[in-house]
Amino acid sequence: MKEYSPIQKYDLLNSFMYVLVPLSFLTIIISILMFGGLFVNKAILILNLLISAYLGYRIYKSSYHMKFSYDRKSFNLEKGKKKKIQGRWKDFDRVSYAYTGYNEFEIRLYKKKGKEYVPETKIPATKLGLNASDFRFEVMNFIKDERYNF
Amino acid sequence: MNELIERYLLKLEEQLMIKKGKWLADFNESFRDFEVDGNDFLMYLEGGTRTKGFLLSKIAAFLLTPNYKVGVFVYLLKNERDFQRIVLSLEKLKKKEDMEWLWLIFLKENEFSKNLIERVERDNSKRVGIGLLNLQELERVRKAKVIHNSSFIGRQIPRYFQVKL
């Protein structure tokens, strides 16, 4: 089984900023309340950065970090600690290669329901460090192979 | 599939999804081996005229651009007698899917017949662009002649659908 779980830098930076921005505001408010003005101190700044780095990394790991593994028959996608998607290639009927902006691509898997094709799963290939275009062809072949070897 | 065709499709995808195709529409999804009414298209690119982005871009797009659904179909024309059938099946799909603009690109690895060229050049369907691309010529010559219909949509074909192979 192939496994991919690179650090998703953009999400990591986001998580870091989620902590740093409110923490900086909090520091400013405390400083105004205590000293009646903005008190800039390098030690406080470094402390804020360290807290943000630690908490941001924890938030990233628990909510955003993605792990993806797959073989010829199935795949497993985990996002953070809660969201898990498992699937078998043969359960899907159509594959698409989608551009999500900022040079990122994802692979969308569709299921046929009646006459319509409904998107069921998205695999963020670029974020996972995969070559999205090549991976799309690989998935198309998996689906074809599974269809003919049931 | 032939290596030349695959190379064209990959370059076209790149051109329309992330390069200058952005000026035409926001093409964001590509399907390969797409079937419509029993006809197998090499590729179908789906998109819209309203671009995505952050808040300001979204507001600007909402106020300034119409929300059209657009599509590009690429078909390998092995037999020129299939031409009419393909065009009709896509016009049916255009109505069904409520697509406002549609481009239909026919690929061939040799010359198109004079009859077909005249037929395409005479075509004046307003919201459909039809293009004929000879891949070998496209590979040989940097600016190959692209045959297209005369509508506004059709006239965009040489600029956006001709790629450097």
# chains A, B, ... in the order shown; residues from 1 in each chain; ligands from 1

call {"tool": "closest_atom_pairs", "arguments": {"of": "chain A", "to": "chain B", "cutoff": "8 Å", "atoms": "only C-alpha atoms", "output": "tab-separated table"}}
result
residue	atom	partner	partner_atom	distance
A:Val95	CA	B:Phe31	CA	6.7
A:Ser96	CA	B:Phe31	CA	4.8
A:Tyr97	CA	B:Ser30	CA	5.1
A:Ala98	CA	B:Glu29	CA	4.2
A:Tyr99	CA	B:Asn28	CA	4.9
A:Thr100	CA	B:Asn28	CA	7.1
A:Asn103	CA	B:Ile18	CA	7.5

call {"tool": "residues_around", "arguments": {"residues": "region 141-152 of chain B", "least_positions_apart": "2", "cutoff": "12 Å", "atoms": "only C-alpha atoms", "output": "VMD selection string"}}
result
chain B and resid 24 101 to 108 111 to 114 116 to 139 154 to 165

call {"tool": "residues_around", "arguments": {"residues": "Asp37 (chain B)", "least_positions_apart": "2", "cutoff": "9 Å", "atoms": "only C-alpha atoms", "output": "list in words"}}
result
Glu35, Asn39, Asp40, Ser89, Leu90 and Leu93 of chain B

call {"tool": "atom_distance", "arguments": {"atom1": "CA of Tyr57 (chain A)", "atom2": "CA of Tyr102 (chain A)"}}
result
22.7 Å

call {"tool": "residues_around", "arguments": {"residues": "Asn67 (chain B)", "least_positions_apart": "2", "cutoff": "9 Å", "atoms": "only C-alpha atoms", "output": "number ranges by chain"}}
result
B: 48-50, 61-62, 65, 69

call {"tool": "write_last_selection", "arguments": {"atoms": "C-alpha atoms", "output": "PDB file, in the first residue's frame"}}
result
ATOM      1  CA  GLY B  48     -18.508  28.723 -15.645  1.00  0.00           C
ATOM      2  CA  THR B  49     -18.100  32.394 -16.405  1.00  0.00           C
ATOM      3  CA  ARG B  50     -18.191  33.460 -12.787  1.00  0.00           C
ATOM      4  CA  ALA B  61     -17.895  38.529 -10.220  1.00  0.00           C
ATOM      5  CA  PHE B  62     -21.464  38.560  -8.884  1.00  0.00           C
ATOM      6  CA  THR B  65     -20.276  38.744 -14.927  1.00  0.00           C
ATOM      7  CA  LYS B  69     -22.286  27.275 -17.558  1.00  0.00           C
TER       8      LYS B  69
END

call {"tool": "residues_around", "arguments": {"residues": "region 23-28 of chain A", "least_positions_apart": "2", "cutoff": "9 Å", "atoms": "only C-alpha atoms", "output": "PDB file with C-alpha atoms, in the first residue's frame"}}
result
ATOM      1  CA  TYR A  18      -5.439  31.178  14.062  1.00  0.00           C
ATOM      2  CA  VAL A  19      -3.553  31.308  17.377  1.00  0.00           C
ATOM      3  CA  LEU A  20      -1.133  34.178  16.730  1.00  0.00           C
ATOM      4  CA  VAL A  21      -3.723  36.785  15.665  1.00  0.00           C
ATOM      5  CA  ILE A  30      -3.746  43.544  28.364  1.00  0.00           C
ATOM      6  CA  SER A  31      -0.925  45.985  27.667  1.00  0.00           C
ATOM      7  CA  ILE A  32      -3.372  48.898  27.261  1.00  0.00           C
ATOM      8  CA  LEU A  33      -5.256  47.934  30.445  1.00  0.00           C
ATOM      9  CA  GLY A  37      -0.603  52.228  26.164  1.00  0.00           C
ATOM     10  CA  LEU A  38       1.104  49.788  23.824  1.00  0.00           C
ATOM     11  CA  PHE A  39       3.966  48.093  25.607  1.00  0.00           C
ATOM     12  CA  VAL A  40       6.272  46.338  23.167  1.00  0.00           C
ATOM     13  CA  ILE A  44       6.426  38.757  25.090  1.00  0.00           C
ATOM     14  CA  LEU A  45       6.631  38.690  21.301  1.00  0.00           C
ATOM     15  CA  ASN A  48       3.555  34.651  21.675  1.00  0.00           C
ATOM     16  CA  ILE A  51       2.792  29.550  22.051  1.00  0.00           C
ATOM     17  CA  SER A  52       1.353  30.038  18.547  1.00  0.00           C
TER      18      SER A  52
END

call {"tool": "select_by_dssp", "arguments": {"residues": "chain A", "states": "strand (DSSP E)", "output": "PyMOL selection string"}}
result
chain A and resi 2-4+66-70+74-79+83-88+94-101+104-113+116-123

call {"tool": "residues_around", "arguments": {"residues": "Ser74 (chain A)", "least_positions_apart": "6", "cutoff": "10 Å", "atoms": "only C-alpha atoms", "output": "JSON, numbers by chain"}}
result
{"A": [1, 86, 87, 88, 89, 90, 91, 142, 143]}

call {"tool": "write_last_selection", "arguments": {"atoms": "all heavy atoms", "output": "tab-separated table (two decimals), in the first residue's frame"}}
result
chain	number	residue	atom	x	y	z
A	1	MET	N	0.83	-1.20	0.00
A	1	MET	CA	0.00	0.00	0.00
A	1	MET	C	0.88	1.27	0.00
A	1	MET	O	1.79	1.38	0.80
A	1	MET	CB	-0.91	-0.02	1.23
A	1	MET	CG	-2.20	0.72	1.02
A	1	MET	SD	-3.38	0.39	2.33
A	1	MET	CE	-4.91	0.48	1.47
A	86	GLN	N	-13.03	5.94	3.86
A	86	GLN	CA	-12.49	4.72	3.27
A	86	GLN	C	-13.34	4.36	2.06
A	86	GLN	O	-14.54	4.59	2.06
A	86	GLN	CB	-12.57	3.57	4.29
A	86	GLN	CG	-11.45	3.67	5.32
A	86	GLN	CD	-11.55	2.58	6.35
A	86	GLN	OE1	-12.64	2.30	6.84
A	86	GLN	NE2	-10.43	1.98	6.68
A	87	GLY	N	-12.73	3.84	1.07
A	87	GLY	CA	-13.53	3.48	-0.10
A	87	GLY	C	-12.84	2.44	-0.97
A	87	GLY	O	-11.64	2.20	-0.84
A	88	ARG	N	-13.65	1.83	-1.80
A	88	ARG	CA	-13.10	0.87	-2.78
A	88	ARG	C	-13.27	1.50	-4.15
A	88	ARG	O	-14.33	2.07	-4.45
A	88	ARG	CB	-13.86	-0.45	-2.69
A	88	ARG	CG	-13.58	-1.21	-1.40
A	88	ARG	CD	-14.40	-2.43	-1.31
A	88	ARG	NE	-15.84	-2.11	-1.48
A	88	ARG	CZ	-16.80	-3.01	-1.54
A	88	ARG	NH1	-16.50	-4.28	-1.45
A	88	ARG	NH2	-18.06	-2.66	-1.70
A	89	TRP	N	-12.28	1.39	-4.98
A	89	TRP	CA	-12.33	2.02	-6.30
A	89	TRP	C	-13.53	1.55	-7.10
A	89	TRP	O	-14.14	2.31	-7.84
A	89	TRP	CB	-11.05	1.75	-7.10
A	89	TRP	CG	-9.79	2.23	-6.44
A	89	TRP	CD1	-8.73	1.45	-6.06
A	89	TRP	CD2	-9.45	3.57	-6.07
A	89	TRP	NE1	-7.75	2.24	-5.48
A	89	TRP	CE2	-8.17	3.54	-5.48
A	89	TRP	CE3	-10.09	4.81	-6.18
A	89	TRP	CZ2	-7.52	4.68	-5.01
A	89	TRP	CZ3	-9.45	5.94	-5.71
A	89	TRP	CH2	-8.19	5.87	-5.12
A	90	LYS	N	-13.87	0.26	-6.90
A	90	LYS	CA	-14.95	-0.29	-7.73
A	90	LYS	C	-16.33	0.31	-7.42
A	90	LYS	O	-17.27	0.12	-8.19
A	90	LYS	CB	-14.99	-1.82	-7.63
A	90	LYS	CG	-15.44	-2.37	-6.32
A	90	LYS	CD	-15.55	-3.87	-6.42
A	90	LYS	CE	-15.94	-4.47	-5.10
A	90	LYS	NZ	-15.94	-5.93	-5.12
A	91	ASP	N	-16.42	1.01	-6.29
A	91	ASP	CA	-17.71	1.63	-5.95
A	91	ASP	C	-17.96	2.92	-6.71
A	91	ASP	O	-19.02	3.53	-6.58
A	91	ASP	CB	-17.77	1.93	-4.44
A	91	ASP	CG	-17.74	0.66	-3.62
A	91	ASP	OD1	-18.12	-0.39	-4.18
A	91	ASP	OD2	-17.32	0.72	-2.46
A	142	PHE	N	-7.55	1.78	-12.09
A	142	PHE	CA	-8.00	0.94	-10.97
A	142	PHE	C	-9.49	0.62	-11.14
A	142	PHE	O	-9.92	-0.52	-10.97
A	142	PHE	CB	-7.82	1.64	-9.62
A	142	PHE	CG	-6.39	1.82	-9.19
A	142	PHE	CD1	-6.04	2.84	-8.33
A	142	PHE	CD2	-5.40	0.97	-9.65
A	142	PHE	CE1	-4.73	3.02	-7.92
A	142	PHE	CE2	-4.08	1.14	-9.26
A	142	PHE	CZ	-3.74	2.18	-8.39
A	143	ILE	N	-10.26	1.65	-11.45
A	143	ILE	CA	-11.71	1.47	-11.59
A	143	ILE	C	-12.01	0.51	-12.75
A	143	ILE	O	-12.80	-0.41	-12.61
A	143	ILE	CB	-12.42	2.83	-11.78
A	143	ILE	CG1	-12.32	3.64	-10.48
A	143	ILE	CG2	-13.89	2.65	-12.16
A	143	ILE	CD1	-12.85	5.06	-10.56

call {"tool": "residues_around", "arguments": {"residues": "Leu9 (chain B)", "least_positions_apart": "3", "cutoff": "9 Å", "atoms": "only C-alpha atoms", "output": "list in words"}}
result
Leu4, Ile5, Glu6, Leu12, Glu13, Glu14, Leu42, Met43 and Val74 of chain B

call {"tool": "closest_residue", "arguments": {"among": "B:Ser57, B:Lys11, B:Glu109, B:Val36", "to": "Val87 (chain B)", "atoms": "only C-alpha atoms"}}
result
B:Val36

call {"tool": "closest_residue", "arguments": {"among": "A:Lys122, A:Arg147, A:Lys81, A:Lys127", "to": "Ile7 (chain A)", "atoms": "only C-alpha atoms"}}
result
A:Lys127

call {"tool": "atom_distance", "arguments": {"atom1": "CA of Ala125 (chain A)", "atom2": "CA of Lys73 (chain A)"}}
result
17.8 Å
